[in-house]
Structure formats: structure tokens, C-alpha cells
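Written out below as C-alpha cells is the structure these notes cover.
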Amino acid sequence: MTRATEAFVRHQMLPQVPPPSSQAGIVKWLRENLFSSIGNSIMTIASFFALWWALDAVWPWLTNGVWTTSSLSQCREVLQGEVGACFSVLAERWNQLLFGFKYPAELYGRPTAAFLLLFIAAAPVLFYKTFPRYLLIVTAAYPFIAFWFIWGGSILVPIVAALGILGAMFVFKKYGNQNFATGLFGGIAAALVIWWLGGKIADAMPNFLALQEVASRDMGGFMLNMILGVVCVSLSLPFGILLALGRRSDMLIIKWICVLFIEFIRGVPLITLLFVANVVLAYFLPPGTSFDLILRVIIMITMFSSAYIAEVIRGGLAALPKGQYEAADSLGLDYAQAMRLIILPQALKISIPGIVNVAVGLFKDTTLVSVISMFDLVGMIRGPILGSTAWNGVYWELFGFAALLFFVVCYGISQYSQWLERQLRTDHR
Amino acid sequence: MSTLTDPSAESFRLSMLVNDTRYRSYTFQFIALLCIIALFSYLGVNLVQNLRQAGLNISFDFLGNPSGYDINQRPIEYNSQSAHFRAAMVGILNTLIVAFLACISATVIGVFAGVARLSPNWLLRKLMSFYVEAFRNVPVLIWILIIFSIMTAALPAPNAFRGENPTASMLWDAFAFTNRGVYAPKPIWLDGSWIVVATFLLSVVGAIAYRRYATKLLYATGRLLPMGWPTLAIIILPALIMYYLTGRPIDLEYPALKGFNFQGGVNMLGSLIALWFALAIYTGAFIAENVRAGIQAISKGQTEAAASLGLRPNRIMNLVILPQALRVIIPPLISQYLNITKNSSLAIAVGYMDITGTLGGITLNQTGRAIECVLLLMLFYLTISLAISAVMNLYNNAVKLKER
């Protein structure tokens with residue numbers, strides 16, 4: 001045997017070869033995700049054609065858009081029969097779309113400022129880990145500042161309102177620890193006294209640091225949607241928590257009051273409640289009183305959404321293991337302490353997705369006020385803008401704009417809630 | 001939840017009503033009851049005063065008076081001389097019609113989109129999540145108005161179908177899409193048509209019986225009979241044969257252009273279509289999410305276990321995944337149906353004459369009986385909601401996990 005007949009033995013490693021082109025990169029991705037089977041390929045091609053067809057229709061319409069004319073007929077002249085949008089309506093009626101047609105034009109800065117402040121006020125709550133806690137003062141003060149900015153009038157009105165609440169909190173802190181009932185009723189009494197006294201002072205000095213007043217019926221446009229959405233969601237949270245606790249309470253009468261309220265509200269459409277606000281509520285108030293339609297609508301929408309939020313939170317409460325309740329009891333906590341320190345933080349955390357769903361749904365439902373002839377964004381489009389001779393027939397641009405505005409807000413909220421859920425996830429997966 | 005302290009020997013004192021947790025709840029309930037009674041009597045007194053001032057009273061007599069207005073979609077006999085009550089009945093039927101149509105289409109759209117969101121196909125998945133996000137995050141009122149403006153502003157007028165070279169043409173000579181609504185063929189029931197219908201109903205019963213038998217045979221002997229094709233054949237064939245045997249008793253009436261408008265056939269109003277499609281597409285997006293969540297809620301182990309038993313993919317879906325997923329999907333699905341019914345009250349925005357448009361709209365405005373009309377309106381929706389919740393509870397009890 002000579003060495004030459006020995007089997008070949010390689011002494012070095014072969015250099016690495018790139019994977020076959022069908023198993024790497026874009027080809028592999030295409031194969032796995034778009035053309036993995038015959039059915040899949042057919043679906044891909046069908047989807048592609050649907051997409052192509054939609055883009056083919058929309059793209060020239062978007063890019064040919066006209067922004068600078070002052071009526072639809074001028075738009076048509078500029079386009080000369082070509083496909084194109086008439087976005088000029090958005091440019092010309094921009095302020096009307098945002099603020100309604102009655103809000104004084106020289107005061108547009110005020111609601112804008114209130115809107116921008118909303119972000120500053122909401123930030124410490126939304127991103128509580130990033131921002132220091134003391135910024136919560138801004139959040140607490142925001143409702144009063146925003147009220148003053150949007151509605152105007154003397155600064156004394158919001159200040160007195162805030163002072164009343166502060167006084168009530170002070171009294172409750174001081175006496176509520178020893179005796180809950182004393183603290184509660186003392187707090188309410190303190191607030192009433194401060195509001196009564198402060199009301200006198202505010203009446204006496206209506207021009208003290210006063211901004212020009214704007215009546216509620218002059219609110220409109222997207223601003224009205226924002227006002228209704230923000231106010232009603234924030235008001236309905238505490239009411240919803242109370243209703244949910246009431247529904248799970250041992251006290252039969254309270255439980256049944258809550259059950260009846262929640263089931264009644266959830267059983268009827270929001271429109272009927274808005275009808276109540278519009279035409280029926282006046283019959284149930286003392287003769288001669290009439291308060292703002294916007295306030296009546298806020299009351300009704302708040303009732304509506306607190307019933308829904310109550311059901312979401314009840315789900316959260318029911319999902320907590322019984323051991324949590326028993327642990328709170330065994331620590332000797334009373335009902336209020338157990339709820340505040342142990343039960344609600346966990347239950348609310350579970351309910352966040354549901355609460356956000358209700359909030360988004362509620363914000364979308366604020367467009368319903370256009371049915372009872374309030375001029376919110378949709379009401380403005382359907383009424384004054386499409387009704388005008390210059391813009392009669394510009395449906396796509398206007399409704400598309402409205403849809404886009406709502407989409408941005410609602411999608412943003414739901415993305416935030418998903419982020420928050422990830423932040424709050426304390427279990428280890 | 002109640003917190004109990006040790007029972008004490010001391011006798012009952014008035015202060016214990018506030019300070020003792022055993023008695024405090026009675027105090028709270030008493031106060032709550034008082035508040036409610038006070039609130040209702042306050043509202044009641046105001047109501048009586050206001051009514052006296054306005055010279056009104058609460059009475060439902062107006063329901064018997066002639067309504068004096070026309071309704072453009074009449075499932076039952078109605079004219080402007082009919083009573084308000086009959087107008088309300090027409091409204092109720094119209095509500096139910098649009099709700100029924102929208103529920104069915106929303107389910108079809110939602111199930112398709114929900115399953116497609118889980119498909120291995122990237123493009124389809126992305127398209128469907130675009131659809132879901134776009135429709136979930138925009139108010140349904142805007143969708144209704146958009147579709148309504150397509151129906152009224154973008155579609156041709158009936159006279160565009162006229163002449164030698166019409167600018168618009170009918171689809172298969174059967175469907176006409178005009179700005180006065182969609183015209184579709186209408187079936188005409190001639191003598192003997194009931195035989196065909198009866199045959200059809202009987203064969204549906206027969207198909208169900210066949211499937212029952214096949215399942216029983218499978219469980220008893222393990223022999224697997226084909227399910228899909230025989231079911232279809234049992235349902236269709238006898239009715240088809242009977243249709244030709246009895247001399248084609250069911251005919252179609254096609255819409256045709258006569259005068260200024262189409263005559264014959266079924267006319268679906270633009271407002272009906274707008275409401276129907278908008279509710280279906282909007283709610284379909286929500287149903288898609290429910291379906292996706294339901295399928296994803298079934299753990300992957302179930303699929304793998306079924307596969308390790310040697311089941312083929314479609315049997316895994318039919319026998320293992322779907323029965324479990326349906327338990328998760330159906331309750332939210334039914335509450336979506338409820339939402340459709342409630343959202344159909346938006347009909348008033350496009351002038352579709354549902355119960356909100358008749359009783360809560362024109363009747364209310366003509367008679368000025370706001371309290372009575374809104375009360376009846378709420379009662380109607382409340383009845384529907386409670387009925388649907390009752391059905392849902394029955395279903396939930398039926399499919400509840402039987403744990404021991």
C-alpha cells in the first residue's frame with residue numbers, strides 16, 4: 001500500500017459559503033410570507049391588485065389637490081376635468097372646522113393655548129415615571145385654567161371653585177382620619193361655604209382680571225369634540241369607580257341602585273340620552289331655570305360613559321383573586337383603606353385596556369351631538385360648510401379630514417394604552 | 001366586602017350608627033335611599049309644575065291620531081292617514097331590518113378579517129390590520145355620512161340610464177345603482193311556489209339530520225362519512241328538482257326604467273344602504289378583533305396536541321380550535337350585535353326612518369310630546385337589549401366549562 005491510494009483527507013476547513021439564494025434575504029422572505037402555497041400566492045396577488053386599485057384611485061386625487069381657490073367651481077376650473085381633490089375648503093374653513101363658526105376670531109389663541117396646556121397637564125399622569133411628581137400640581141390646576149381660557153370671564157370664578165375643593169380636602173384630611181363621616185360632611189360644608197362666599201365676591205368684582213366671555217353655545221368644531229371628550233372621560237372615571245364599587249357592595253339598596261342605573265344606561269343608545277338632554281331635561285328642572293345645552297350634554301354623556309366604565313372596572317374587580325381582599329382584611333384595613341391601597345390599584349391596572357376602549361368610544365361618540373344640532377366637527381361640515389353655496393358638494397375632502405383627525409387622536413390613545421400595559425406588567429414572562 | 005370587629009358587650013348607642021362598622025352600612029343605605037327618594041320627588045314636583053305651566057299632561061292618546069307624514073320605506077301598510085302608533089311600528093320594523101342586515105354582513109366581514117389577520121400571508125395581514133385600525137378609530141357617524149354621500153352624490157341619476165348611449169348602465173340588467181337607491185330584482189311568488197319553499201325547508205331539516213347521523217356513526221364506529229358536499233346536495237337538489245317539476249313557480253321581477261324613475265323590483269334606499277354598509281364595516285372591524293383574540297386565546301399546545309394525534313389542519317381547526325374559540329368569541333359578538341342595534345339609531349342623521357326617525361323624530365316634533373316619545377323610544381331599546389342579554393346568558397350557561 002502506498003500513500004497515494006489513501007483516502008483523501010481534508011486538512012483545512014472550507015470557507016463558509018453563503019446560503020443558497022432561495023434560502024436567504026428577500027427571496028426567502030417573499031417565499032415564506034407571500035408565496036408559501038398556491039392559495040397564499042393567489043391571496044397575495046389579489047391583495048396586491050386591491051391595493052393597486054385603491055392607490056391608483058386615491059394617489060392622483062391626493063397629489064392633484066388644489067389648496068388655494070375660494071370655491072368648488074374655481075377648483076373645477078383649475079383642475080379642468082382632471083381628477084383632483086379640492087383641499088381649498090380645508091384651508092379656507094380651517095378655523096371653522098377647529099373652533100366652530102361663532103367663537104370670536106380674535107380669541108382663537110385662548111383655546112389653542114388650553115389645548116397645548118393639555119399636553120403639559122396630561123404628561124405627568126401619562127408618563128408618570130419620566131416626570132417628577134410635583135408637576136401633578138399643573139394637572140390639578142389645569143381644569144380651572146382651561147375653563148378660564150376657553151370660557152373667559154373673571155379669574156375669580158375658577159379660583160373660587162378651586163379654593164372650595166381645596167378647603168374641602170383640607171377639612172377632610174384634618175378630621176377624616178378620626179371620623180370618616182365628620183370629615184366627609186365637614187368637607188362638603190366647607191366647600192359650600194367657600195363657594196357661597198366666593199360667589200358673592202366674584203359677583204361683586206366681575207371685571208377682576210377678566211378675559212372676554214364666550215358663551216357655551218358659541219363653542220363648536222373639533223374644539224367642542226375635544227371639550228366633551230376630555231371633560232366627560234375625566235368626570236366619568238370617578239363616577240365609574242363609585243358605581244362599580246357600589247355594584248359589588250354588600251349593601252343591598254346601594255347595589256340595586258347601581259345595577260338599575262348601569263343596566264338602564266347601557267340598554268339605551270346615546271342618541272336617546274342626547275334627546276333627553278335636548279328636549280326632556282328641561283321639564284325636570286325648576287320652572288324658569290335653563291342651563292346651557294353643552295352642560296346638559298356633558299351631564300348625559302358623563303352618565304353614559306360612567307356606566308360603561310363601571311362595567312369595565314367591575315370586571316377588573318372580579319378578576320382579582322379573593323386572597324387579595326382577605327389579605328387586606330387580615331391586615332386590619334378598613335374598607336376605604338383596603339380599596340385605596342390594595343384592591344383598586346390592581347383592579348384599575350387590569351381594567352386599563354377596557355377603560356381606554358371606553359374612552360376612545362366615547363370620544364368618537366361625541367360626534368353624535370351634531371344630531372341635536374350642535375355644531376361640532378361633523379355638525380360644522382354637515383351644516384354651515386356643505387350648506388354654503390361655495391362648498392356644496394365637497395364631501396370627500398371634508399369627511400376625510402374629519403376621519404383623519406379622529407383617527408390620529410384615537411389611534412394615539414390606543415397605542416399609548418398598549419405601551420402603558422407593557423409598562424405596568426409586573427408578572428415575569 | 002365587610003369588615004367585622006369583635007362583637008362588644010356594650011348596648012346599642014346612637015353614635016354606633018356612624019362609627020361602628022356593623023351599623024354604619026345601614027346608615028349609608030338609609031341615606032342613599034333618602035337621597036334617591038328626595039331626588040325623584042324633586043324631579044317629579046318640577047315635572048308637575050312645568051307641565052301645569054305649559055298646560056300639558058302626560059298621555060299616550062296622541063299615538064292614535066293620524067300621523068300626517070309619509071315614510072319612504074314601508075315594510076307594512078302605511079300612509080299619512082295612519083296613526084302615530086303605526087308609524088312607530090314601521091319604524092321598529094325598519095330598525096330591525098337594518099340591524100338584521102348589518103349583523104349578518106358584519107359577522108361575515110369580521111370573521112374573514114379576523115382570520116385573515118392571522119394568515120401567514122404578510123400582505124393580507126397588513127391590509128387587514130389597516131382595515132381594522134382605520135375603521136375602529138373613526139366615528140361610525142362619519143362612515144355613515146361618507147357612504148351616504150357616495151350613494152346620493154356619486155351615483156348617477158335614473159335618467160342617466162336613458163337613451164341610445166346612456167352614461168350609466170345596469171349591472172347584469174338586474175341591478176341599477178342610482179342616486180335614488182339601489183334597484184334589485186324581486187322574487188314573485190306564483191301558484192305552487194309554496195311547494196318549492198316547503199321542499200327547501202324540509203331538505204334543510206334533512207341535511208341537519210344527515211349531519212347528526214354522520215356524527216353519531218363516527219362516534220359509534222369510527223367510520224367517517226363525507227359532510228360538506230352531501231349537505232350542500234341535500235339542501236339544493238330537491239328544491240331545484242321540485243322547482244322545475246312544478247313549472248318554475250318563482251319568477252324574478254326586474255327593475256325597468258319607466259318615466260322618471262325605475263319601476264318594479266326592490267328599491268333599497270340610499271340611506272338604508274349607507275346605514276347598513278357603514279354599520280357592517282365599522283362593527284366588522286370590532287368583530288375581527290374579537291375573532292382574532294378568540295383564536296389566539298386557544299393555547300398553541302391545543303394545535304400541537306391535535307396535530308400529534310394525527311389530525312389534518314382543517315380538522316384541527318374544525319374539531320379542536322373553533323369549538324373552544326367560539327366560547328370566547330360569541331359573548332363579545334353578541335354584544336356587538338347589541339351595539340349595531342343601538343347604533344342603528346344614527347339613522348336619523350341620513351333620514352332613514354327607523355324608530356328614532358319616526359317616533360323620536362317627526363312624531364316628537366309634530367306632537368311636541370317629548371317625554372312620552374323619548375320614554376317609549378328608550379323602552380324599545382331597553383327591551384331589545386335585555387332580550388339580547390337574556391339570550392347571551394342562556395348561551396353562556398350552555399357553553400360554560402363544566403369543571404368539577
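Naming works like this for the C-alpha cells: A, B, ... for the chains as they're shown, residue 1 at the start of each chain, ligands 1 onward in shown order.
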Quiz prompt | Proximal residues of chain B relative to chain A (only C-alpha atoms; 6 Å) as a PyMOL selection string | solution = chain B and resi 43+46-47+50+121-122+137-139+342+371+378+381-382+385
Include C-alpha atoms and write out the residues we just selected as a short mmCIF file (atom, residue, chain, number, x, y, z; two decimals), in the first residue's frame.
data_model
loop_
_atom_site.label_atom_id
_atom_site.label_comp_id
_atom_site.auth_asym_id
_atom_site.auth_seq_id
_atom_site.Cartn_x
_atom_site.Cartn_y
_atom_site.Cartn_z
CA LEU B 43 -87.78 65.91 39.70
CA ASN B 46 -90.69 70.07 38.94
CA LEU B 47 -92.27 67.97 36.20
CA ASN B 50 -93.67 72.57 34.41
CA ASN B 121 -49.61 35.95 4.20
CA TRP B 122 -47.82 39.15 5.15
CA ASN B 137 -60.66 54.64 15.19
CA VAL B 138 -63.09 56.76 13.20
CA PRO B 139 -66.62 57.55 14.40
CA LYS B 342 -78.18 50.76 19.25
CA ILE B 371 -91.43 62.97 27.40
CA MET B 378 -85.91 54.16 25.50
CA TYR B 381 -84.19 49.84 23.00
CA LEU B 382 -84.16 48.63 26.59
CA SER B 385 -81.04 44.99 24.95
#
Enumerate as a PDB file with C-alpha atoms, in the first residue's frame all residues of range 279-409 of chain A assigned to alpha helix (DSSP H) by DSSP on the backbone, naming them with the chain letters and numbers the document uses.
ATOM      1  CA  LEU A 293     -77.191  72.802  26.335  1.00  0.00           C
ATOM      2  CA  ILE A 294     -73.481  71.976  26.458  1.00  0.00           C
ATOM      3  CA  LEU A 295     -73.697  71.417  30.229  1.00  0.00           C
ATOM      4  CA  ARG A 296     -76.780  69.229  29.833  1.00  0.00           C
ATOM      5  CA  VAL A 297     -75.000  67.224  27.153  1.00  0.00           C
ATOM      6  CA  ILE A 298     -71.934  66.869  29.382  1.00  0.00           C
ATOM      7  CA  ILE A 299     -74.117  65.526  32.198  1.00  0.00           C
ATOM      8  CA  MET A 300     -75.758  62.985  29.895  1.00  0.00           C
ATOM      9  CA  ILE A 301     -72.562  61.808  28.211  1.00  0.00           C
ATOM     10  CA  THR A 302     -70.884  61.512  31.614  1.00  0.00           C
ATOM     11  CA  MET A 303     -73.733  59.355  32.882  1.00  0.00           C
ATOM     12  CA  PHE A 304     -73.483  57.285  29.720  1.00  0.00           C
ATOM     13  CA  SER A 305     -69.753  56.670  29.894  1.00  0.00           C
ATOM     14  CA  SER A 306     -69.594  56.162  33.658  1.00  0.00           C
ATOM     15  CA  ALA A 307     -71.993  53.233  33.282  1.00  0.00           C
ATOM     16  CA  TYR A 308     -69.683  51.664  30.713  1.00  0.00           C
ATOM     17  CA  ILE A 309     -66.542  52.399  32.736  1.00  0.00           C
ATOM     18  CA  ALA A 310     -68.247  50.931  35.806  1.00  0.00           C
ATOM     19  CA  GLU A 311     -68.745  47.652  33.975  1.00  0.00           C
ATOM     20  CA  VAL A 312     -65.100  47.597  32.873  1.00  0.00           C
ATOM     21  CA  ILE A 313     -63.873  48.246  36.407  1.00  0.00           C
ATOM     22  CA  ARG A 314     -66.283  45.687  37.825  1.00  0.00           C
ATOM     23  CA  GLY A 315     -64.617  43.190  35.509  1.00  0.00           C
ATOM     24  CA  GLY A 316     -61.240  44.233  36.924  1.00  0.00           C
ATOM     25  CA  LEU A 317     -62.503  43.889  40.488  1.00  0.00           C
ATOM     26  CA  ALA A 318     -63.928  40.465  39.765  1.00  0.00           C
ATOM     27  CA  ALA A 319     -60.680  39.329  38.175  1.00  0.00           C
ATOM     28  CA  LYS A 322     -60.178  36.606  46.537  1.00  0.00           C
ATOM     29  CA  GLY A 323     -56.961  36.326  48.535  1.00  0.00           C
ATOM     30  CA  GLN A 324     -56.255  39.996  47.925  1.00  0.00           C
ATOM     31  CA  TYR A 325     -59.483  41.007  49.662  1.00  0.00           C
ATOM     32  CA  GLU A 326     -58.818  38.612  52.506  1.00  0.00           C
ATOM     33  CA  ALA A 327     -55.237  39.796  52.885  1.00  0.00           C
ATOM     34  CA  ALA A 328     -56.460  43.379  53.162  1.00  0.00           C
ATOM     35  CA  ASP A 329     -58.967  42.320  55.803  1.00  0.00           C
ATOM     36  CA  SER A 330     -56.384  40.381  57.741  1.00  0.00           C
ATOM     37  CA  TYR A 335     -62.970  49.343  53.570  1.00  0.00           C
ATOM     38  CA  ALA A 336     -61.665  52.673  52.293  1.00  0.00           C
ATOM     39  CA  GLN A 337     -58.046  51.804  53.029  1.00  0.00           C
ATOM     40  CA  LEU A 344     -58.215  49.477  43.284  1.00  0.00           C
ATOM     41  CA  PRO A 345     -54.575  49.865  42.155  1.00  0.00           C
ATOM     42  CA  GLN A 346     -54.593  46.280  40.938  1.00  0.00           C
ATOM     43  CA  ALA A 347     -58.139  46.315  39.602  1.00  0.00           C
ATOM     44  CA  LEU A 348     -57.592  49.560  37.702  1.00  0.00           C
ATOM     45  CA  LYS A 349     -54.411  48.185  36.224  1.00  0.00           C
ATOM     46  CA  ILE A 350     -56.296  45.187  34.868  1.00  0.00           C
ATOM     47  CA  SER A 351     -59.012  47.467  33.521  1.00  0.00           C
ATOM     48  CA  ILE A 352     -56.761  49.876  31.618  1.00  0.00           C
ATOM     49  CA  PRO A 353     -57.391  48.397  28.147  1.00  0.00           C
ATOM     50  CA  GLY A 354     -61.118  48.385  28.767  1.00  0.00           C
ATOM     51  CA  ILE A 355     -61.124  51.926  30.110  1.00  0.00           C
ATOM     52  CA  VAL A 356     -59.166  53.136  27.104  1.00  0.00           C
ATOM     53  CA  ASN A 357     -61.624  51.395  24.798  1.00  0.00           C
ATOM     54  CA  VAL A 358     -64.489  53.174  26.507  1.00  0.00           C
ATOM     55  CA  ALA A 359     -62.614  56.485  26.338  1.00  0.00           C
ATOM     56  CA  VAL A 360     -61.927  56.093  22.629  1.00  0.00           C
ATOM     57  CA  GLY A 361     -65.516  55.032  22.002  1.00  0.00           C
ATOM     58  CA  LEU A 362     -66.768  57.997  23.960  1.00  0.00           C
ATOM     59  CA  PHE A 363     -64.574  60.417  22.060  1.00  0.00           C
ATOM     60  CA  LYS A 364     -65.933  59.038  18.809  1.00  0.00           C
ATOM     61  CA  ASP A 365     -69.466  59.278  20.146  1.00  0.00           C
ATOM     62  CA  LEU A 377     -66.726  68.981  13.715  1.00  0.00           C
ATOM     63  CA  VAL A 378     -69.308  66.811  11.943  1.00  0.00           C
ATOM     64  CA  GLY A 379     -72.058  69.322  12.627  1.00  0.00           C
ATOM     65  CA  MET A 380     -69.940  72.109  11.116  1.00  0.00           C
ATOM     66  CA  LEU A 386     -71.636  71.829   2.991  1.00  0.00           C
ATOM     67  CA  GLY A 387     -74.650  74.124   3.145  1.00  0.00           C
ATOM     68  CA  TYR A 395     -67.768  65.570   0.590  1.00  0.00           C
ATOM     69  CA  TRP A 396     -64.574  63.568   0.360  1.00  0.00           C
ATOM     70  CA  GLU A 397     -62.141  66.232   1.444  1.00  0.00           C
ATOM     71  CA  LEU A 398     -64.199  67.309   4.455  1.00  0.00           C
ATOM     72  CA  PHE A 399     -65.230  63.896   5.735  1.00  0.00           C
ATOM     73  CA  GLY A 400     -61.757  62.563   5.003  1.00  0.00           C
ATOM     74  CA  PHE A 401     -60.275  65.363   7.076  1.00  0.00           C
ATOM     75  CA  ALA A 402     -62.678  64.656   9.951  1.00  0.00           C
ATOM     76  CA  ALA A 403     -61.900  60.947   9.763  1.00  0.00           C
ATOM     77  CA  LEU A 404     -58.171  61.703   9.786  1.00  0.00           C
ATOM     78  CA  LEU A 405     -58.427  63.954  12.858  1.00  0.00           C
ATOM     79  CA  PHE A 406     -60.351  61.338  14.807  1.00  0.00           C
ATOM     80  CA  PHE A 407     -58.055  58.592  13.608  1.00  0.00           C
ATOM     81  CA  VAL A 408     -54.948  60.417  14.810  1.00  0.00           C
ATOM     82  CA  VAL A 409     -56.374  61.023  18.277  1.00  0.00           C
TER      83      VAL A 409
END
Exercise. With a distance cut-off of 9 Å and only C-alpha atoms, select the neighbouring residues of Ala214 in chain B, excluding the residue or stretch itself and same-chain residues fewer than 3 positions from it, and output the selection as a list in words.
Key: Ala209, Tyr210, Arg211, Leu217, Leu218, Tyr219, Arg223, Leu224, Leu225, Pro226 and Met227 of chain B
Quiz prompt | Distance query range 108-117 of chain A at most 12 Å, only C-alpha atoms, self and fewer than 2 positions along chain excluded, as a ChimeraX atom specification | solution = /A:94-96,98-106,119-123,138-139,141-152,211-214,219-224,226-227,230
Quiz item: Skipping near chain neighbours, those fewer than 3 positions away, what residues fall within 10 Å of Ser73 in chain A using only C-alpha atoms, listed as a list in words?
Solution: Thr69, Ser70, Arg76, Glu77, Val78, Leu79, Cys86, Thr389, Ala390, Trp391 and Asn392 of chain A
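When only C-alpha atoms are used to compute distances to Leu364 in chain B, the closest of the residues B:His84, B:Arg22, B:Arg136, B:Arg13 turns out to be B:His84.
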Contact residues around range 196-200 of chain B with only C-alpha atoms at 8 Å, ignoring same-chain residues under 5 positions, as a PDB file with C-alpha atoms, in the first residue's frame:
ATOM      1  CA  ILE B 235     -80.193  21.276   0.642  1.00  0.00           C
ATOM      2  CA  ILE B 236     -80.129  22.330  -3.005  1.00  0.00           C
ATOM      3  CA  PRO B 238     -84.629  18.523  -4.060  1.00  0.00           C
ATOM      4  CA  ALA B 239     -85.711  22.162  -4.151  1.00  0.00           C
ATOM      5  CA  LEU B 240     -84.189  22.587  -7.611  1.00  0.00           C
ATOM      6  CA  MET B 242     -89.197  20.477  -7.411  1.00  0.00           C
ATOM      7  CA  TYR B 243     -88.783  23.955  -8.943  1.00  0.00           C
TER       8      TYR B 243
END
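Going from CA of Gln80 in chain A to CA of Gly65 in chain A covers 12.4 Å.
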Quiz item: Contacts of Asp203 in chain A at 12 Å or less, counting only C-alpha atoms, minus same-chain residues fewer than 2 places along, as a ChimeraX atom specification?
Solution: /A:153-157,160,195-201,205-208
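Across the model, the gap from CA of Tyr134 in chain A to CA of Ile343 in chain A is 25.3 Å.
Going from CA of Glu253 in chain B to CA of Pro187 in chain B covers 6.1 Å.
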